[in-house]
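*Asks:* Dropping in upload37.cif, with mmCIF, C-alpha atoms and all ligand atoms.
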data_data
loop_
_atom_site.label_atom_id
_atom_site.label_comp_id
_atom_site.auth_asym_id
_atom_site.auth_seq_id
_atom_site.Cartn_x
_atom_site.Cartn_y
_atom_site.Cartn_z
CA MET A 1 -7.41 23.12 -15.09
CA THR A 2 -6.34 23.51 -11.51
CA LEU A 3 -7.71 20.96 -9.14
CA ARG A 4 -8.61 21.43 -5.53
CA ASN A 5 -5.15 21.11 -4.10
CA GLY A 6 -3.51 23.09 -6.85
CA TRP A 7 -2.23 20.05 -8.70
CA THR A 8 -2.55 20.60 -12.41
CA PRO A 9 -2.49 17.79 -14.96
CA ASP A 10 -0.40 18.58 -17.99
CA SER A 11 -0.97 17.26 -21.47
CA ASN A 12 0.60 13.95 -20.51
CA GLY A 13 -1.65 13.50 -17.55
CA HIS A 14 1.27 14.36 -15.31
CA GLY A 15 1.14 17.25 -12.95
CA SER A 16 2.74 20.35 -11.66
CA ARG A 17 2.00 22.64 -8.80
CA ASP A 18 1.48 26.29 -9.63
CA GLY A 19 4.48 28.34 -8.59
CA ALA A 20 5.67 25.74 -6.11
CA ALA A 21 9.33 25.34 -5.42
CA ALA A 22 10.71 21.87 -4.99
CA GLU A 23 11.14 21.50 -1.26
CA ARG A 24 13.64 18.80 -0.69
CA HIS A 25 14.34 17.20 -3.98
CA SER A 26 15.42 18.39 -7.34
CA GLU A 27 12.59 18.49 -9.82
CA THR A 28 14.80 17.15 -12.50
CA THR A 29 16.29 14.24 -10.61
CA PRO A 30 14.93 10.99 -11.99
CA PRO A 31 13.72 8.37 -9.52
CA GLN A 32 16.64 6.68 -7.78
CA PRO A 33 16.68 3.30 -6.14
CA ALA A 34 15.91 4.16 -2.55
CA THR A 35 16.49 2.98 0.91
CA PHE A 36 14.85 4.54 3.90
CA ALA A 37 18.17 5.44 5.41
CA PRO A 38 18.59 9.12 4.51
CA LEU A 39 15.39 10.28 6.15
CA GLY A 40 15.05 7.39 8.52
CA THR A 41 16.91 9.06 11.31
CA THR A 42 14.07 11.18 12.59
CA SER A 43 13.13 9.84 15.94
CA PRO A 44 9.44 9.92 16.78
CA THR A 45 9.93 12.57 19.41
CA GLU A 46 11.92 14.67 16.98
CA ALA A 47 9.28 14.53 14.30
CA ALA A 48 9.37 17.74 12.33
CA PRO A 49 6.31 19.93 12.00
CA ALA A 50 3.90 19.52 9.14
CA LEU A 51 4.78 21.08 5.84
CA PRO A 52 3.43 24.61 5.57
CA ALA A 53 0.12 24.90 3.81
CA GLY A 54 0.64 25.35 0.13
CA ALA A 55 4.14 23.97 0.13
CA GLY A 56 4.29 21.50 -2.67
CA ILE A 57 6.73 19.50 -4.61
CA ALA A 58 6.75 20.31 -8.26
CA LEU A 59 6.44 17.28 -10.47
CA PRO A 60 9.07 16.86 -13.14
CA ALA A 61 7.94 17.37 -16.68
CA GLU A 62 9.62 14.38 -18.18
CA ALA A 63 8.39 10.86 -17.79
CA ALA A 64 10.74 8.19 -16.55
CA ALA A 65 12.85 5.89 -18.66
CA SER A 66 11.71 3.17 -21.01
CA LEU A 67 9.73 0.15 -19.92
CA PRO A 68 11.70 -2.58 -18.24
CA ALA A 69 11.81 -5.95 -19.95
CA GLY A 70 8.65 -7.84 -19.18
CA ALA A 71 6.53 -4.78 -18.71
CA ALA A 72 3.29 -5.65 -20.36
CA THR A 73 0.65 -3.01 -20.44
CA ALA A 74 1.50 0.65 -20.52
CA LEU A 75 -0.88 3.38 -19.54
CA PRO A 76 -2.22 5.28 -22.51
CA THR A 77 0.09 8.12 -23.40
CA ALA A 78 -2.78 10.52 -23.89
CA ALA A 79 -3.79 12.59 -20.93
CA THR A 80 -5.90 10.72 -18.47
CA PRO A 81 -9.18 12.59 -18.31
CA ALA A 82 -9.53 14.42 -15.04
CA LEU A 83 -12.88 13.09 -13.98
CA PRO A 84 -14.59 14.38 -10.90
CA THR A 85 -14.09 11.85 -8.16
CA ALA A 86 -17.07 10.45 -6.39
CA ALA A 87 -15.08 8.11 -4.25
CA ALA A 88 -13.83 10.45 -1.64
CA THR A 89 -15.75 9.50 1.43
CA ALA A 90 -14.27 11.64 4.13
CA LEU A 91 -12.63 9.74 6.94
CA PRO A 92 -12.39 11.25 10.39
CA THR A 93 -10.57 14.54 10.34
CA GLU A 94 -9.91 14.61 14.07
CA ALA A 95 -6.73 13.19 15.49
CA THR A 96 -7.78 9.87 16.93
CA PRO A 97 -7.01 7.99 20.12
CA ALA A 98 -5.76 5.19 17.88
CA LEU A 99 -2.55 7.06 17.24
CA PRO A 100 0.38 5.11 18.60
CA ALA A 101 2.37 6.82 21.30
CA GLY A 102 5.04 8.94 19.71
CA ALA A 103 3.61 8.87 16.20
CA ALA A 104 4.19 11.93 14.12
CA THR A 105 0.84 13.44 14.88
CA ALA A 106 1.17 16.64 12.91
CA LEU A 107 -0.86 16.11 9.80
CA LEU A 108 0.55 17.20 6.52
CA ALA A 109 -1.10 19.93 4.57
CA GLY A 110 -2.91 18.12 1.79
CA ALA A 111 -3.95 15.13 3.89
CA GLY A 112 -7.36 16.64 4.43
CA ILE A 113 -8.01 17.06 0.73
CA ALA A 114 -9.09 14.34 -1.69
CA LEU A 115 -6.51 13.44 -4.31
CA PRO A 116 -7.31 14.95 -7.69
CA ALA A 117 -8.50 12.63 -10.41
CA GLY A 118 -5.67 11.75 -12.74
CA ALA A 119 -3.24 11.24 -9.85
CA THR A 120 -1.38 7.92 -9.85
CA VAL A 121 -2.29 5.24 -7.33
CA VAL A 122 -0.33 1.99 -7.03
CA VAL A 123 -2.22 -1.04 -5.76
CA THR A 124 -0.59 -4.40 -5.09
CA GLY A 125 -2.65 -7.58 -5.36
CA GLY A 126 -4.96 -5.99 -7.91
CA THR A 127 -5.75 -9.20 -9.74
CA SER A 128 -8.12 -10.71 -7.21
CA GLY A 129 -10.54 -10.12 -4.36
CA LEU A 130 -10.30 -6.83 -2.52
CA GLY A 131 -7.46 -5.39 -4.60
CA ARG A 132 -9.30 -5.96 -7.87
CA GLU A 133 -12.31 -4.04 -6.58
CA VAL A 134 -10.10 -1.22 -5.33
CA VAL A 135 -8.47 -1.01 -8.78
CA ARG A 136 -11.85 -0.95 -10.46
CA ARG A 137 -13.20 1.73 -8.19
CA LEU A 138 -10.18 4.00 -8.43
CA ALA A 139 -9.86 3.63 -12.19
CA GLY A 140 -13.58 4.31 -12.53
CA ASP A 141 -13.10 7.52 -10.56
CA GLY A 142 -10.45 8.69 -13.00
CA TYR A 143 -7.24 7.85 -11.13
CA ARG A 144 -4.31 6.35 -12.98
CA VAL A 145 -3.92 2.95 -11.39
CA ILE A 146 -0.87 0.73 -11.60
CA THR A 147 -1.04 -2.81 -10.36
CA VAL A 148 0.74 -6.13 -10.54
CA GLY A 149 -0.26 -9.77 -10.59
CA ARG A 150 1.56 -12.99 -10.01
CA ASP A 151 -0.78 -15.45 -11.62
CA PRO A 152 -0.71 -15.19 -15.46
CA THR A 153 -4.35 -16.20 -15.79
CA ARG A 154 -5.53 -13.54 -13.37
CA VAL A 155 -3.28 -10.93 -14.99
CA GLU A 156 -4.74 -11.81 -18.36
CA ALA A 157 -8.30 -11.67 -17.03
CA LEU A 158 -7.70 -8.21 -15.58
CA ARG A 159 -6.16 -7.05 -18.82
CA ILE A 160 -9.05 -8.34 -20.91
CA GLN A 161 -11.51 -6.72 -18.53
CA ARG A 162 -9.65 -3.46 -18.88
CA GLY A 163 -9.56 -3.76 -22.63
CA THR A 164 -13.21 -4.45 -23.16
CA ALA A 165 -15.39 -3.06 -20.48
CA GLY A 166 -13.20 -1.56 -17.81
CA PRO A 167 -11.49 1.79 -17.54
CA HIS A 168 -8.41 2.25 -19.65
CA ASN A 169 -6.35 4.13 -17.16
CA VAL A 170 -5.00 0.98 -15.53
CA ALA A 171 -1.47 -0.29 -16.12
CA ILE A 172 -0.77 -3.89 -15.27
CA ALA A 173 2.76 -5.07 -14.80
CA ALA A 174 3.47 -8.40 -16.40
CA VAL A 175 3.52 -11.31 -14.01
CA GLY A 176 5.40 -10.04 -11.00
CA ASP A 177 6.17 -11.70 -7.70
CA LEU A 178 6.32 -9.40 -4.70
CA SER A 179 7.53 -12.12 -2.35
CA THR A 180 11.15 -11.21 -3.04
CA ALA A 181 12.98 -7.93 -2.63
CA ALA A 182 14.09 -8.14 -6.27
CA GLY A 183 10.49 -8.67 -7.40
CA CYS A 184 9.39 -5.57 -5.47
CA ARG A 185 12.17 -3.46 -6.95
CA SER A 186 11.38 -4.69 -10.43
CA PHE A 187 7.74 -3.68 -9.98
CA ALA A 188 8.91 -0.28 -8.71
CA GLU A 189 10.89 0.08 -11.95
CA PHE A 190 7.76 -0.68 -13.92
CA VAL A 191 5.93 1.99 -11.96
CA ALA A 192 8.71 4.52 -12.60
CA ALA A 193 8.41 3.83 -16.31
CA GLN A 194 4.70 4.65 -16.21
CA THR A 195 4.49 7.77 -14.11
CA ASP A 196 6.48 10.62 -12.62
CA HIS A 197 4.79 10.49 -9.21
CA VAL A 198 2.86 8.21 -6.92
CA ALA A 199 0.10 9.95 -4.95
CA ALA A 200 -0.93 6.81 -3.06
CA LEU A 201 0.45 3.33 -2.53
CA ILE A 202 -1.89 0.61 -1.32
CA ASN A 203 0.04 -2.41 -0.04
CA ASN A 204 -2.70 -4.99 -0.34
CA ALA A 205 -1.23 -8.24 -1.72
CA GLY A 206 -1.79 -11.10 0.66
CA VAL A 207 -1.60 -14.84 1.12
CA MET A 208 -2.71 -17.47 3.59
CA SER A 209 -0.66 -20.55 3.12
CA PRO A 210 -1.53 -23.81 4.93
CA ARG A 211 2.04 -25.08 4.54
CA ARG A 212 5.28 -23.33 5.26
CA VAL A 213 6.64 -21.93 2.00
CA GLU A 214 10.05 -20.37 1.64
CA THR A 215 10.65 -17.64 -0.91
CA ALA A 216 13.67 -17.35 -3.19
CA ASP A 217 15.12 -15.00 -0.54
CA GLY A 218 14.83 -17.80 2.04
CA LEU A 219 12.02 -16.05 3.93
CA GLU A 220 8.72 -17.45 5.10
CA LEU A 221 5.96 -16.50 2.62
CA ASN A 222 3.55 -14.66 4.98
CA PHE A 223 6.41 -12.61 6.36
CA ALA A 224 7.69 -11.89 2.85
CA VAL A 225 4.38 -10.84 1.27
CA HIS A 226 2.79 -9.00 4.23
CA HIS A 227 5.85 -7.37 5.72
CA LEU A 228 8.93 -7.42 3.50
CA ALA A 229 7.05 -6.46 0.31
CA PRO A 230 5.37 -3.32 1.77
CA PHE A 231 8.70 -2.34 3.32
CA VAL A 232 10.76 -2.75 0.15
CA LEU A 233 8.13 -1.40 -2.23
CA THR A 234 7.48 1.70 -0.13
CA SER A 235 11.21 2.27 0.05
CA ALA A 236 11.70 1.77 -3.69
CA LEU A 237 8.80 4.09 -4.52
CA LEU A 238 9.85 6.78 -2.05
CA PRO A 239 11.32 9.09 -4.72
CA LEU A 240 8.02 8.98 -6.62
CA LEU A 241 5.92 9.33 -3.47
CA ARG A 242 7.92 12.39 -2.52
CA ARG A 243 6.91 14.03 -5.76
CA PHE A 244 3.34 14.29 -4.58
CA PRO A 245 2.67 16.41 -1.51
CA ALA A 246 1.36 14.36 1.39
CA ALA A 247 1.32 11.13 -0.60
CA ARG A 248 -0.50 8.32 1.17
CA VAL A 249 0.63 4.85 2.12
CA VAL A 250 -2.17 2.45 3.04
CA ASN A 251 -1.29 -0.96 4.43
CA VAL A 252 -4.09 -3.49 4.21
CA ASN A 253 -3.70 -5.26 7.53
CA SER A 254 -6.02 -7.62 9.38
CA ALA A 255 -7.77 -8.03 12.71
CA GLY A 256 -5.88 -11.32 12.60
CA HIS A 257 -2.85 -9.43 13.90
CA GLN A 258 -4.72 -9.35 17.21
CA THR A 259 -6.61 -12.63 17.28
CA SER A 260 -5.58 -15.38 14.91
CA LEU A 261 -7.97 -17.86 13.36
CA GLY A 262 -6.21 -20.42 15.55
CA GLY A 263 -7.16 -18.49 18.70
CA HIS A 264 -3.82 -16.85 19.52
CA HIS A 265 -4.55 -13.58 21.28
CA ASN A 266 -2.23 -10.59 21.03
CA PRO A 267 0.68 -12.57 19.61
CA THR A 268 4.12 -11.00 19.67
CA LEU A 269 6.95 -11.43 17.20
CA ASP A 270 9.45 -14.18 17.91
CA PHE A 271 12.69 -12.47 16.99
CA ASP A 272 14.53 -15.79 17.42
CA ASP A 273 12.35 -17.38 14.78
CA LEU A 274 10.98 -14.64 12.53
CA GLN A 275 10.77 -17.09 9.64
CA SER A 276 8.61 -19.62 11.53
CA ARG A 277 11.08 -22.45 11.06
CA ARG A 278 10.11 -24.07 14.35
CA GLY A 279 6.71 -25.74 14.13
CA TYR A 280 4.89 -23.73 11.44
CA ASP A 281 1.39 -22.75 12.47
CA PRO A 282 -0.32 -21.12 9.46
CA PHE A 283 -2.63 -18.92 11.50
CA LEU A 284 0.09 -17.75 13.85
CA ALA A 285 2.44 -17.08 10.92
CA TYR A 286 -0.29 -15.00 9.23
CA SER A 287 -1.00 -13.11 12.48
CA ARG A 288 2.61 -12.36 13.16
CA SER A 289 3.22 -11.17 9.60
CA LYS A 290 0.31 -8.75 9.94
CA LEU A 291 1.69 -7.62 13.29
CA ALA A 292 5.04 -7.00 11.57
CA ASN A 293 3.20 -4.96 8.92
CA LEU A 294 1.54 -2.88 11.63
CA LEU A 295 4.81 -2.29 13.46
CA PHE A 296 6.17 -1.14 10.10
CA THR A 297 3.16 1.14 9.57
CA TYR A 298 3.69 2.94 12.86
CA GLU A 299 7.44 3.15 12.43
CA LEU A 300 7.01 4.53 8.92
CA ALA A 301 4.63 7.18 10.28
CA ARG A 302 7.19 8.10 12.94
CA ARG A 303 10.11 8.26 10.52
CA HIS A 304 8.39 9.70 7.45
CA GLY A 305 5.31 11.42 8.86
CA THR A 306 6.64 14.74 7.63
CA GLU A 307 6.29 13.68 4.01
CA LEU A 308 3.86 10.76 3.89
CA VAL A 309 0.41 10.08 5.33
CA VAL A 310 0.59 6.52 6.61
CA ASN A 311 -2.29 4.41 7.87
CA ALA A 312 -3.36 0.76 8.04
CA LEU A 313 -6.72 -0.93 8.11
CA HIS A 314 -8.59 -4.16 8.62
CA PRO A 315 -10.92 -4.41 5.61
CA GLY A 316 -13.43 -6.68 7.36
CA VAL A 317 -13.96 -10.33 6.62
CA VAL A 318 -14.31 -10.37 2.86
CA ARG A 319 -15.46 -12.98 0.34
CA THR A 320 -12.24 -13.32 -1.66
CA ASP A 321 -9.81 -15.96 -2.82
CA LEU A 322 -7.54 -15.65 0.19
CA GLY A 323 -8.52 -19.15 1.32
CA ARG A 324 -7.91 -20.67 -2.10
CA GLN A 325 -5.49 -23.26 -0.69
CA TRP A 326 -7.85 -24.36 2.10
CA PRO A 327 -10.73 -26.86 2.04
CA ARG A 328 -13.68 -25.26 0.27
CA LEU A 329 -16.23 -26.13 2.95
CA GLN A 330 -14.11 -24.64 5.69
CA VAL A 331 -13.71 -21.43 3.72
CA ALA A 332 -17.40 -21.29 2.79
CA ALA A 333 -18.38 -21.61 6.45
CA MET A 334 -16.13 -18.72 7.38
CA GLN A 335 -17.47 -16.56 4.59
CA VAL A 336 -21.16 -16.86 5.41
CA PHE A 337 -21.28 -13.37 6.87
CA ALA A 338 -18.40 -11.98 4.85
CA LEU A 339 -18.58 -8.67 3.01
CA SER A 340 -18.52 -8.52 -0.75
CA PRO A 341 -15.20 -7.25 -2.15
CA ALA A 342 -17.08 -4.28 -3.65
CA ARG A 343 -18.35 -3.28 -0.21
CA ALA A 344 -15.00 -3.82 1.47
CA ALA A 345 -13.16 -1.80 -1.17
CA GLY A 346 -14.76 1.52 -0.15
CA PRO A 347 -12.83 2.21 3.06
CA VAL A 348 -9.56 1.08 1.45
CA ALA A 349 -10.04 3.46 -1.47
CA SER A 350 -11.13 6.30 0.82
CA LEU A 351 -8.08 5.98 3.02
CA ALA A 352 -5.92 6.25 -0.11
CA ILE A 353 -7.65 9.06 -1.98
CA GLY A 354 -10.14 10.76 0.32
CA PRO A 355 -9.53 13.43 2.92
CA VAL A 356 -7.72 11.72 5.79
CA GLY A 357 -7.35 13.07 9.30
CA THR A 358 -5.02 10.53 10.82
CA GLN A 359 -1.36 9.65 10.75
CA GLY A 360 -0.08 6.27 11.91
CA ALA A 361 -3.56 5.01 12.72
CA TYR A 362 -5.24 1.64 12.43
CA TYR A 363 -8.80 1.39 11.15
CA ASP A 364 -11.45 -1.24 11.42
CA ARG A 365 -12.85 -0.46 7.97
CA SER A 366 -13.73 3.25 8.32
CA THR A 367 -13.35 3.55 12.09
CA PRO A 368 -10.03 4.31 13.77
CA VAL A 369 -9.50 1.82 16.60
CA ARG A 370 -6.67 0.69 18.82
CA SER A 371 -4.66 -2.22 17.54
CA SER A 372 -3.13 -4.94 19.71
CA PRO A 373 -0.85 -3.86 22.58
CA PRO A 374 2.22 -5.57 21.01
CA SER A 375 1.73 -3.48 17.85
CA TYR A 376 2.64 -0.34 19.85
CA ASP A 377 5.98 -1.76 21.00
CA ARG A 378 8.39 0.83 19.66
CA ASN A 379 11.49 -1.19 20.49
CA ALA A 380 10.11 -4.11 18.51
CA ALA A 381 9.25 -1.77 15.61
CA SER A 382 12.69 -0.26 15.48
CA HIS A 383 14.43 -3.63 15.85
CA LEU A 384 12.26 -5.09 13.09
CA TRP A 385 13.02 -2.11 10.85
CA GLN A 386 16.75 -2.71 11.17
CA LEU A 387 16.41 -6.44 10.61
CA THR A 388 14.24 -5.89 7.56
CA GLU A 389 16.72 -3.46 6.06
CA ALA A 390 19.37 -6.14 6.41
CA LEU A 391 17.08 -8.87 5.03
CA SER A 392 16.08 -6.85 2.00
CA GLY A 393 19.66 -6.18 0.93
N1 LIG B 401 -10.40 -11.70 2.77
C1 LIG B 401 -10.46 -11.34 4.04
O1 LIG B 401 -11.39 -11.70 4.79
C2 LIG B 401 -9.37 -10.49 4.62
C3 LIG B 401 -9.46 -10.13 5.98
C4 LIG B 401 -8.45 -9.31 6.51
C5 LIG B 401 -7.41 -8.89 5.71
N2 LIG B 401 -7.34 -9.29 4.40
C6 LIG B 401 -6.21 -8.82 3.61
O2 LIG B 401 -6.69 -8.26 2.39
C7 LIG B 401 -5.64 -8.31 1.41
C8 LIG B 401 -6.21 -8.76 0.08
O3 LIG B 401 -6.51 -10.14 0.15
P1 LIG B 401 -7.81 -10.77 -0.50
O4 LIG B 401 -8.66 -11.20 0.63
O5 LIG B 401 -8.35 -9.90 -1.54
O6 LIG B 401 -7.18 -12.11 -1.13
P2 LIG B 401 -7.04 -12.63 -2.64
O7 LIG B 401 -8.36 -12.62 -3.32
O8 LIG B 401 -6.33 -13.93 -2.52
O9 LIG B 401 -6.09 -11.55 -3.31
C9 LIG B 401 -4.74 -11.48 -2.96
C10 LIG B 401 -3.98 -10.71 -4.01
O10 LIG B 401 -2.59 -10.64 -3.61
C11 LIG B 401 -1.80 -11.06 -4.70
N3 LIG B 401 -0.55 -11.67 -4.27
C12 LIG B 401 -0.38 -12.62 -3.34
N4 LIG B 401 0.91 -12.97 -3.25
C13 LIG B 401 1.58 -12.21 -4.15
C14 LIG B 401 2.91 -12.11 -4.54
N5 LIG B 401 3.87 -12.89 -4.01
N6 LIG B 401 3.25 -11.23 -5.49
C15 LIG B 401 2.31 -10.45 -6.09
N7 LIG B 401 1.01 -10.50 -5.76
C16 LIG B 401 0.64 -11.37 -4.80
C17 LIG B 401 -2.66 -12.05 -5.43
O11 LIG B 401 -2.14 -12.21 -6.73
P3 LIG B 401 -2.54 -13.49 -7.65
O12 LIG B 401 -3.89 -13.17 -8.14
O13 LIG B 401 -1.52 -13.47 -8.71
O14 LIG B 401 -2.48 -14.69 -6.76
C18 LIG B 401 -4.01 -11.38 -5.37
O15 LIG B 401 -4.12 -10.40 -6.39
C19 LIG B 401 -4.57 -9.22 1.99
O16 LIG B 401 -3.51 -8.43 2.50
C20 LIG B 401 -5.28 -9.93 3.13
O17 LIG B 401 -4.38 -10.34 4.15
C21 LIG B 401 -8.29 -10.07 3.84
#
What would the structure in this file look like if it were written as structure tokens?

*Replies:*
Amino acid sequence: MTLRNGWTPDSNGHGSRDGAAAERHSETTPPQPATFAPLGTTSPTEAAPALPAGAGIALPAEAAASLPAGAATALPTAATPALPTAAATALPTEATPALPAGAATALLAGAGIALPAGATVVVTGGTSGLGREVVRRLAGDGYRVITVGRDPTRVEALRIQRGTAGPHNVAIAAVGDLSTAAGCRSFAEFVAAQTDHVAALINNAGVMSPRRVETADGLELNFAVHHLAPFVLTSALLPLLRRFPAARVVNVNSAGHQTSLGGHHNPTLDFDDLQSRRGYDPFLAYSRSKLANLLFTYELARRHGTELVVNALHPGVVRTDLGRQWPRLQVAAMQVFALSPARAAGPVASLAIGPVGTQGAYYDRSTPVRSSPPSYDRNAASHLWQLTEALSG
């Protein structure tokens, strides 16, 4: 069965593209640990043109190596049924004014087409709130979803749900912590053991910590989870993303990058104190980490816009567990008008699997909008990129 973009599931639920020659990468090369370096030299103004229509990257026939220790729940080995997808709400197909100056504006062939059911989508933070609803929706639409949790109870709950009532095409990594570079790479290994490609990566995991917490890498937690994790995970999954033409990267950001809950407006990064060691303000730390994630989004679009479709979004204010460490009354007051996770999940899923007409854009749910002025600072983006490469080892 050939799906709309020519991607054909084989008997293992993997895919191949009819008659397509591998463009840049050997079809037989197994996923390698990646850094962004090899392709990271394209300057925004040098961005190469979009891939020619029909150019595809053939998916390798063989699945990746055995499960890493600790991997808990493998996807079923039988072919994932290619269900018709109902989730693909088309997002704007016009180039939008939200594109950052210098972004690789040429859209890749394939971006305007919904991903075929059966394609693999990786979602971080799939054990709670928004991420859990995105997992549910995508799995229900027939995608192969791979996710990870940190809290054993939540992981177990998701697994039980999957086992009894939920779709079976969800793989859950055993308890995994994405706050360290090693944790991200370990999750990427789990992913590589489950699938031979990643058609979409949704960097969704998030925290809001009232106190300053330092990770095992010595980084501040907001910075680590919202910025370092998407950076390292995208890098580590790059070989698998490259195996799907015009694979998508969706960064779940926040309007908080622009106005923090503490009232900071258009905050900038403090490069002398990226880890918030001086006078930790939880709202400012959250805002700045989301700003860092947005700078990363735009820089990724500039550097890799010839092979990935990269966008970010604010999902709305959503009734989730993000405020779990805050006083209940305070959280309840803020959530009076909040969206349900099920409602908020739609635009996130659509940006990952639906036809997408933007590259390096920021959405307020389904609408492309301009982000804060500091988020378009290309010097800051490039400086942060270099620092993050050094921080992630
Ligand atoms: N809720 C809102 O109003 C709102 C508004 C704007 C943006 N957002 C963004 O939406 C995203 C989803 O958050 P949510 O509101 O759905 O919150 P949530 O209910 O607290 O879910 C957060 C998810 O991230 C996971 N996570 C956190 N730290 C992790 C780590 N170190 N390693 C692995 N997984 C980790 C959590 O795993 P565990 O279950 O194991 O803890 C959980 O699955 C976040 O990026 C957040 O910033 C939310």

*Asks:* 6 Å from ligand LIG 401 (chain B) is the threshold here; counting only C-alpha atoms and all ligand atoms, which polymer residues fall inside it? Answer as a PyMOL selection string.

*Replies:* chain A and resi 125-131+149-151+154+176-179+204-207+225+252-254+314-322

*Asks:* Which distance in Å separates CA of Leu201 in chain A and CA of Val249 in chain A, to one decimal?

*Replies:* 4.9 Å

*Asks:* Just how far from CA of Ser372 in chain A is CA of Thr124 in chain A, in Å to one decimal?

*Replies:* 24.9 Å

*Asks:* For Thr297 in chain A, please output as an MDAnalysis selection string all residues within 8 Å (counting all atoms listed in the file; exclusion window: fewer than 5 positions along the same chain).

*Replies:* chainID A and resid 251 310:312 360

*Asks:* Pick from A:Pro152, A:Phe223, A:Ala349, A:Pro355: nearest to Arg132 in chain A, with only C-alpha atoms counted?

*Replies:*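 Under the stated criterion, the closest residue is A:Ala349.
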
*Asks:* So, counting all atoms listed in the file, which residue among A:Leu329, A:Ala344, A:Ala229, A:Leu284 is closest to Asp217 in chain A?

*Replies:*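 Counting all atoms listed in the file, the residue closest to Asp217 in chain A is A:Ala229.
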
*Asks:* Can you work out which one of A:Val122, A:Trp385, A:Gly354, A:Pro327 has the shortest atom-to-atom distance to Thr147 in chain A, counting all atoms listed in the file?

*Replies:*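 Selected residue with least distance to Thr147 in chain A: A:Val122.
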
*Asks:* Would you work out the distance separating CA of Phe283 in chain A from CA of Glu214 in chain A, expressed in Å to one decimal?

*Replies:*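 Straight-line distance from CA of Phe283 in chain A to CA of Glu214 in chain A works out to 16.1 Å.
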
*Asks:* Would you give me, as a tab-separated table, each residue of range 224-258 of chain A having an atom within 10 Å of an atom of range 387-390 of chain A, along with its shortest atom pair and that distance in Å to one decimal, using only C-alpha atoms and sorting by chain and residue number?

*Replies:*
residue	atom	partner	partner_atom	distance
A:His227	CA	A:Thr388	CA	8.7
A:Leu228	CA	A:Thr388	CA	6.9
A:Phe231	CA	A:Thr388	CA	7.8
A:Val232	CA	A:Glu389	CA	8.4
A:Ser235	CA	A:Glu389	CA	10.0

*Asks:* Could you check the closest approach to Val348 in chain A for each of A:Arg324, A:His226, A:Leu313, A:Ala333 and tell me which residue wins, using all atoms listed in the file?

*Replies:* A:Leu313

*Asks:* Could you check the closest approach to Ser287 in chain A for each of A:Pro245, A:Pro267, A:Pro116, A:Gly183 and tell me which residue wins, using only C-alpha atoms?

*Replies:*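 Result for the nearest residue to Ser287 in chain A: A:Pro267.
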
*Asks:* Rank nothing, just name the residue among A:Val331, A:Ala292, A:Ala200, A:Ala381 nearest to Thr234 in chain A, using all atoms listed in the file.

*Replies:*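 Closest residue, counting all atoms listed in the file: A:Ala200.
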